[in-house]
Amino acid sequence: MKSVVLTGINGTVAQAMKKHLEETYDISGLSITRMDSVLQDEAPTTWKEQLDTFRDRLMDQLTTAIRGKDAIVHLGWNTRDENWKSGLDPLNLVAVDCVYQAAIAENVPRIYMASSVHSYDFMGAGFDESEPIPIHPDTRQDPFGTPPSSLYGVSKRWMEISGQFYAPKLAEGQKILVVRIGAVNSKGEPRASFARLWYSHPDLAGLLSAFIECEDAPNYWVTFGVSDNVGGDHDKPLFETSNPYGFHPRDNAFDIV
């Protein structure tokens with residue numbers, strides 16, 4: 001049985017993955033260490049000392065957790081201070097970098113990174129509404145391409161760009177998948193107001209499993225993590241969900257709401 005580590009283990013997405021895959025894989029998890037604990041336990045004084053101590057502790061935590069594992073799924077995020085509505089926590093970026101570095105150093109075969117649909121401003125004007133938003137949605141009349149929807153989206157784009165940077169450093173057999181996750185809730189049921197963004201628990205788990213089991217696929221890929229939500233006034237999904245792992249989402253929010 002292959003082994004999978006989930007960061008952010010107490011979060012909604014991690015719990016959904018665990019529920020659907022714990023009979024298929026050996027699932028373990030961790031909660032990303034917090035700066036509050038670093039400051040309390042070791043009392044570093046300068047910002048650099050604080051950051052270095054945080055990074056060292058997180059690298060130790062990750063390295064211990066992922067050694068000998070087949071996959072790491074990075075879901076851990078400080079959403080209290082940074083979410084799709086507001087805020088920016090630079091320690092989220094540090095955590096992303098630590099996950100990449102630790103996973104590469106420990107030769108973890110599959111590195112799954114949870115980005116967000118907010119990495120591009122899908123809510124703004126400029127997209128061709130008759131077609132799903134493509135994986136590289138620079139479709140606006142803007143020389144700089146499509147901006148993120150928020151500072152949270154900026155952090156998620158940084159995660160994607162970091163994956164591109166680290167991809168050439170992967171060992172043979174290692175692969176990175178960055179998934180721009182849509183709307184996931186604890187019950188796994190869609191809401192009418194977010195129907196086009198809905199990501200069912202089976203589809204969420206299905207893509208991860210397909211990624212873990214893939215053999216012949218690129219060492220780096222990005223895709224949107226949403227279900228096949230077609231209905232109402234929409235005869236095509238909002239996002240393009242193609243991937244090289246042979247997985248296609250099966251659920252449709254409009255069959256339920």
# chains A, B, ... in the order shown; residues from 1 in each chain; ligands from 1

call {"tool": "residues_around", "arguments": {"residues": "stretch 235-238 of chain A", "least_positions_apart": "4", "cutoff": "8 Å", "atoms": "only C-alpha atoms", "output": "list in words"}}
result
Ser130, Glu131, Pro132, Ile133, Arg196, Leu197, Asp228, Asn229, Val230 and Gly231 of chain A

call {"tool": "write_last_selection", "arguments": {"atoms": "N, CA and C atoms", "output": "short mmCIF file (atom, residue, chain, number, x, y, z; two decimals), in the first residue's frame"}}
result
data_model
loop_
_atom_site.label_atom_id
_atom_site.label_comp_id
_atom_site.auth_asym_id
_atom_site.auth_seq_id
_atom_site.Cartn_x
_atom_site.Cartn_y
_atom_site.Cartn_z
N SER A 130 -17.97 31.64 -23.73
CA SER A 130 -18.46 30.47 -24.46
C SER A 130 -17.50 29.28 -24.34
N GLU A 131 -16.33 29.50 -23.74
CA GLU A 131 -15.33 28.45 -23.62
C GLU A 131 -14.83 28.36 -22.17
N PRO A 132 -14.47 27.16 -21.74
CA PRO A 132 -13.89 27.04 -20.39
C PRO A 132 -12.59 27.85 -20.29
N ILE A 133 -12.32 28.40 -19.11
CA ILE A 133 -11.08 29.13 -18.90
C ILE A 133 -9.92 28.14 -19.01
N ARG A 196 -20.82 26.48 -10.18
CA ARG A 196 -19.81 26.31 -11.24
C ARG A 196 -18.41 26.09 -10.66
N LEU A 197 -18.23 26.38 -9.38
CA LEU A 197 -16.92 26.21 -8.73
C LEU A 197 -16.84 24.91 -7.94
N ASP A 228 -17.40 18.53 -13.09
CA ASP A 228 -17.91 18.78 -14.45
C ASP A 228 -19.28 19.47 -14.34
N ASN A 229 -19.24 20.74 -13.93
CA ASN A 229 -20.46 21.46 -13.60
C ASN A 229 -21.05 22.16 -14.82
N VAL A 230 -22.03 21.50 -15.42
CA VAL A 230 -22.67 22.01 -16.63
C VAL A 230 -24.17 21.96 -16.44
N GLY A 231 -24.83 23.10 -16.67
CA GLY A 231 -26.27 23.14 -16.54
C GLY A 231 -26.76 24.56 -16.43
#

call {"tool": "residues_around", "arguments": {"residues": "A:Val179", "least_positions_apart": "2", "cutoff": "9 Å", "atoms": "only C-alpha atoms", "output": "list of chain:residue names"}}
result
A:Tyr112, A:Met113, A:Ala114, A:Ser115, A:Ser116, A:Val117, A:Leu177, A:Ile181, A:Trp221, A:Val222, A:Thr223, A:Phe224, A:Gly225

call {"tool": "write_last_selection", "arguments": {"atoms": "C-alpha atoms", "output": "PDB file, in the first residue's frame"}}
result
ATOM      1  CA  TYR A 112       0.671  17.620  -4.991  1.00  0.00           C
ATOM      2  CA  MET A 113       0.280  21.343  -4.270  1.00  0.00           C
ATOM      3  CA  ALA A 114      -3.092  22.934  -3.545  1.00  0.00           C
ATOM      4  CA  SER A 115      -3.459  26.191  -5.462  1.00  0.00           C
ATOM      5  CA  SER A 116      -6.795  27.946  -5.988  1.00  0.00           C
ATOM      6  CA  VAL A 117      -9.131  29.125  -8.722  1.00  0.00           C
ATOM      7  CA  LEU A 177       0.944  18.572  -9.781  1.00  0.00           C
ATOM      8  CA  ILE A 181      -9.038  23.957  -6.222  1.00  0.00           C
ATOM      9  CA  TRP A 221       1.481  20.103 -14.525  1.00  0.00           C
ATOM     10  CA  VAL A 222      -1.198  22.579 -13.456  1.00  0.00           C
ATOM     11  CA  THR A 223      -4.937  22.004 -13.696  1.00  0.00           C
ATOM     12  CA  PHE A 224      -8.188  23.333 -12.287  1.00  0.00           C
ATOM     13  CA  GLY A 225      -9.765  21.283  -9.513  1.00  0.00           C
TER      14      GLY A 225
END

call {"tool": "select_by_dssp", "arguments": {"residues": "stretch 43-221 of chain A", "states": "alpha helix (DSSP H)", "output": "number ranges by chain"}}
result
A: 47-66, 90-105, 151-166, 201-213

call {"tool": "residues_around", "arguments": {"residues": "A:Gln164", "least_positions_apart": "6", "cutoff": "12 Å", "atoms": "only C-alpha atoms", "output": "number ranges by chain"}}
result
A: 100, 157-158, 170, 175-178, 218-222

call {"tool": "atom_distance", "arguments": {"atom1": "atom CA of A:Phe211", "atom2": "atom CA of A:Ser162"}}
result
19.2 Å

call {"tool": "residues_around", "arguments": {"residues": "A:Gly29", "least_positions_apart": "5", "cutoff": "6 Å", "atoms": "only C-alpha atoms", "output": "PDB file with N, CA, C and O atoms, in the first residue's frame"}}
result
ATOM      1  N   VAL A   5       1.172  11.604   2.700  1.00  0.00           N
ATOM      2  CA  VAL A   5       1.154  12.564   3.799  1.00  0.00           C
ATOM      3  C   VAL A   5       0.347  13.784   3.380  1.00  0.00           C
ATOM      4  O   VAL A   5       0.589  14.349   2.305  1.00  0.00           O
ATOM      5  N   LEU A   6      -0.596  14.194   4.209  1.00  0.00           N
ATOM      6  CA  LEU A   6      -1.402  15.384   3.969  1.00  0.00           C
ATOM      7  C   LEU A   6      -1.016  16.470   4.969  1.00  0.00           C
ATOM      8  O   LEU A   6      -1.123  16.253   6.184  1.00  0.00           O
ATOM      9  N   THR A   7      -0.572  17.624   4.483  1.00  0.00           N
ATOM     10  CA  THR A   7      -0.417  18.750   5.402  1.00  0.00           C
ATOM     11  C   THR A   7      -1.785  19.424   5.545  1.00  0.00           C
ATOM     12  O   THR A   7      -2.664  19.256   4.704  1.00  0.00           O
ATOM     13  N   ILE A   9      -3.878  18.651   7.881  1.00  0.00           N
ATOM     14  CA  ILE A   9      -4.677  17.434   8.034  1.00  0.00           C
ATOM     15  C   ILE A   9      -6.047  17.685   8.641  1.00  0.00           C
ATOM     16  O   ILE A   9      -6.991  16.927   8.391  1.00  0.00           O
TER      17      ILE A   9
END

call {"tool": "closest_residue", "arguments": {"among": "A:Asp36, A:Glu42, A:Glu160, A:Asp203", "to": "A:Asn252", "atoms": "only C-alpha atoms"}}
result
A:Asp203

call {"tool": "select_by_dssp", "arguments": {"residues": "stretch 58-189 of chain A", "states": "strand (DSSP E or B)", "output": "PyMOL selection string"}}
result
chain A and resi 71-74+110-116+133+175-181+183

call {"tool": "write_last_selection", "arguments": {"atoms": "C-alpha atoms", "output": "PDB file, in the first residue's frame"}}
result
ATOM      1  CA  ALA A  71       3.315  11.279  -1.977  1.00  0.00           C
ATOM      2  CA  ILE A  72       2.936  14.561  -0.166  1.00  0.00           C
ATOM      3  CA  VAL A  73      -0.195  16.682  -0.534  1.00  0.00           C
ATOM      4  CA  HIS A  74       0.342  20.248   0.611  1.00  0.00           C
ATOM      5  CA  ARG A 110       4.508  12.632  -6.083  1.00  0.00           C
ATOM      6  CA  ILE A 111       4.242  16.252  -4.941  1.00  0.00           C
ATOM      7  CA  TYR A 112       0.671  17.620  -4.991  1.00  0.00           C
ATOM      8  CA  MET A 113       0.280  21.343  -4.270  1.00  0.00           C
ATOM      9  CA  ALA A 114      -3.092  22.934  -3.545  1.00  0.00           C
ATOM     10  CA  SER A 115      -3.459  26.191  -5.462  1.00  0.00           C
ATOM     11  CA  SER A 116      -6.795  27.946  -5.988  1.00  0.00           C
ATOM     12  CA  ILE A 133     -11.078  29.129 -18.896  1.00  0.00           C
ATOM     13  CA  LYS A 175       6.372  14.657 -10.454  1.00  0.00           C
ATOM     14  CA  ILE A 176       4.660  17.896  -9.366  1.00  0.00           C
ATOM     15  CA  LEU A 177       0.944  18.572  -9.781  1.00  0.00           C
ATOM     16  CA  VAL A 178      -0.526  21.957  -8.836  1.00  0.00           C
ATOM     17  CA  VAL A 179      -4.334  21.936  -8.572  1.00  0.00           C
ATOM     18  CA  ARG A 180      -6.365  25.168  -8.603  1.00  0.00           C
ATOM     19  CA  ILE A 181      -9.038  23.957  -6.222  1.00  0.00           C
ATOM     20  CA  ALA A 183     -15.368  25.188  -3.841  1.00  0.00           C
TER      21      ALA A 183
END

call {"tool": "atom_distance", "arguments": {"atom1": "atom CA of A:Ser200", "atom2": "atom CA of A:Phe239"}}
result
14.7 Å

call {"tool": "residues_around", "arguments": {"residues": "A:Ser242", "least_positions_apart": "3", "cutoff": "9 Å", "atoms": "only C-alpha atoms", "output": "list of chain:residue names"}}
result
A:Ile135, A:Thr223, A:Phe224, A:Tyr245, A:Gly246, A:Phe247, A:His248

call {"tool": "atom_distance", "arguments": {"atom1": "atom CA of A:Ser149", "atom2": "atom CA of A:Asp128"}}
result
17.3 Å

call {"tool": "closest_residue", "arguments": {"among": "A:Ala16, A:Ala105, A:Gln50, A:Leu62", "to": "A:Lys169", "atoms": "only C-alpha atoms"}}
result
A:Ala105

call {"tool": "residues_around", "arguments": {"residues": "A:Asp26", "least_positions_apart": "4", "cutoff": "10 Å", "atoms": "only C-alpha atoms", "output": "list in words"}}
result
Met1, Lys2, Ser3, Val4, Val5, Lys18, Leu21, Glu22, Lys69 and Asp70 of chain A

call {"tool": "residues_around", "arguments": {"residues": "A:Ala205", "least_positions_apart": "4", "cutoff": "7 Å", "atoms": "only C-alpha atoms", "output": "VMD selection string"}}
result
chain A and resid 17 20 to 21 201 209

call {"tool": "decode", "arguments": {"residues": "stretch 113-146 of chain A", "atoms": "N, CA and C atoms", "output": "CSV table (one decimal), in the first residue's frame"}}
result
chain,number,residue,atom,x,y,z
A,113,MET,N,0.4,20.0,-4.9
A,113,MET,CA,0.3,21.3,-4.3
A,113,MET,C,-1.1,21.9,-4.5
A,114,ALA,N,-1.7,22.4,-3.5
A,114,ALA,CA,-3.1,22.9,-3.5
A,114,ALA,C,-3.1,24.4,-3.8
A,115,SER,N,-3.3,24.8,-5.1
A,115,SER,CA,-3.5,26.2,-5.5
A,115,SER,C,-5.0,26.5,-5.4
A,116,SER,N,-5.4,27.5,-6.1
A,116,SER,CA,-6.8,27.9,-6.0
A,116,SER,C,-7.3,28.5,-7.3
A,117,VAL,N,-8.6,28.5,-7.5
A,117,VAL,CA,-9.1,29.1,-8.7
A,117,VAL,C,-8.9,30.6,-8.7
A,118,HIS,N,-8.6,31.1,-7.5
A,118,HIS,CA,-8.3,32.6,-7.3
A,118,HIS,C,-6.9,33.0,-7.8
A,119,SER,N,-6.1,32.0,-8.3
A,119,SER,CA,-4.8,32.4,-8.9
A,119,SER,C,-5.0,33.2,-10.1
A,120,TYR,N,-6.2,33.2,-10.7
A,120,TYR,CA,-6.6,34.0,-11.9
A,120,TYR,C,-7.9,34.6,-11.6
A,121,ASP,N,-8.2,35.8,-12.0
A,121,ASP,CA,-9.4,36.5,-11.7
A,121,ASP,C,-10.5,36.0,-12.6
A,122,PHE,N,-11.1,34.9,-12.3
A,122,PHE,CA,-12.1,34.3,-13.1
A,122,PHE,C,-13.4,35.1,-13.0
A,123,MET,N,-13.5,35.9,-12.0
A,123,MET,CA,-14.8,36.7,-11.8
A,123,MET,C,-14.8,38.0,-12.6
A,124,GLY,N,-13.7,38.4,-13.1
A,124,GLY,CA,-13.6,39.6,-13.9
A,124,GLY,C,-14.0,39.5,-15.3
A,125,ALA,N,-14.0,40.6,-16.0
A,125,ALA,CA,-14.4,40.6,-17.4
A,125,ALA,C,-13.2,40.2,-18.3
A,126,GLY,N,-13.4,39.8,-19.5
A,126,GLY,CA,-12.3,39.5,-20.4
A,126,GLY,C,-12.2,38.1,-20.9
A,127,PHE,N,-12.8,37.2,-20.2
A,127,PHE,CA,-12.7,35.8,-20.7
A,127,PHE,C,-13.8,35.5,-21.7
A,128,ASP,N,-13.6,34.6,-22.6
A,128,ASP,CA,-14.6,34.2,-23.6
A,128,ASP,C,-15.6,33.3,-22.8
A,129,GLU,N,-16.8,33.8,-22.6
A,129,GLU,CA,-17.7,33.0,-21.8
A,129,GLU,C,-18.2,31.8,-22.5
A,130,SER,N,-18.0,31.6,-23.7
A,130,SER,CA,-18.5,30.5,-24.5
A,130,SER,C,-17.5,29.3,-24.3
A,131,GLU,N,-16.3,29.5,-23.7
A,131,GLU,CA,-15.3,28.5,-23.6
A,131,GLU,C,-14.8,28.4,-22.2
A,132,PRO,N,-14.5,27.2,-21.7
A,132,PRO,CA,-13.9,27.0,-20.4
A,132,PRO,C,-12.6,27.9,-20.3
A,133,ILE,N,-12.3,28.4,-19.1
A,133,ILE,CA,-11.1,29.1,-18.9
A,133,ILE,C,-9.9,28.1,-19.0
A,134,PRO,N,-9.0,28.4,-19.9
A,134,PRO,CA,-7.9,27.5,-20.1
A,134,PRO,C,-6.9,27.4,-18.9
A,135,ILE,N,-6.0,26.4,-18.9
A,135,ILE,CA,-5.1,26.3,-17.9
A,135,ILE,C,-4.1,27.5,-17.8
A,136,HIS,N,-3.8,28.0,-18.9
A,136,HIS,CA,-3.0,29.2,-19.0
A,136,HIS,C,-3.8,30.4,-19.5
A,137,PRO,N,-4.7,31.0,-18.6
A,137,PRO,CA,-5.7,31.9,-19.1
A,137,PRO,C,-5.3,33.3,-19.3
A,138,ASP,N,-4.3,33.5,-20.1
A,138,ASP,CA,-3.9,34.9,-20.4
A,138,ASP,C,-4.7,35.4,-21.6
A,139,THR,N,-6.0,35.6,-21.4
A,139,THR,CA,-6.9,35.9,-22.5
A,139,THR,C,-7.4,37.3,-22.5
A,140,ARG,N,-7.0,38.1,-21.5
A,140,ARG,CA,-7.4,39.5,-21.5
A,140,ARG,C,-6.6,40.3,-22.4
A,141,GLN,N,-7.2,41.5,-22.8
A,141,GLN,CA,-6.4,42.4,-23.6
A,141,GLN,C,-5.5,43.2,-22.7
A,142,ASP,N,-4.5,42.5,-22.1
A,142,ASP,CA,-3.6,43.1,-21.2
A,142,ASP,C,-2.2,42.5,-21.4
A,143,PRO,N,-1.2,43.3,-21.7
A,143,PRO,CA,0.1,42.8,-22.0
A,143,PRO,C,0.7,42.0,-20.9
A,144,PHE,N,0.2,42.1,-19.6
A,144,PHE,CA,0.7,41.4,-18.5
A,144,PHE,C,-0.1,40.1,-18.2
A,145,GLY,N,-1.1,39.9,-19.0
A,145,GLY,CA,-1.9,38.7,-18.8
A,145,GLY,C,-3.0,38.9,-17.7
A,146,THR,N,-3.6,37.8,-17.3
A,146,THR,CA,-4.7,37.8,-16.4
A,146,THR,C,-4.2,37.9,-15.0
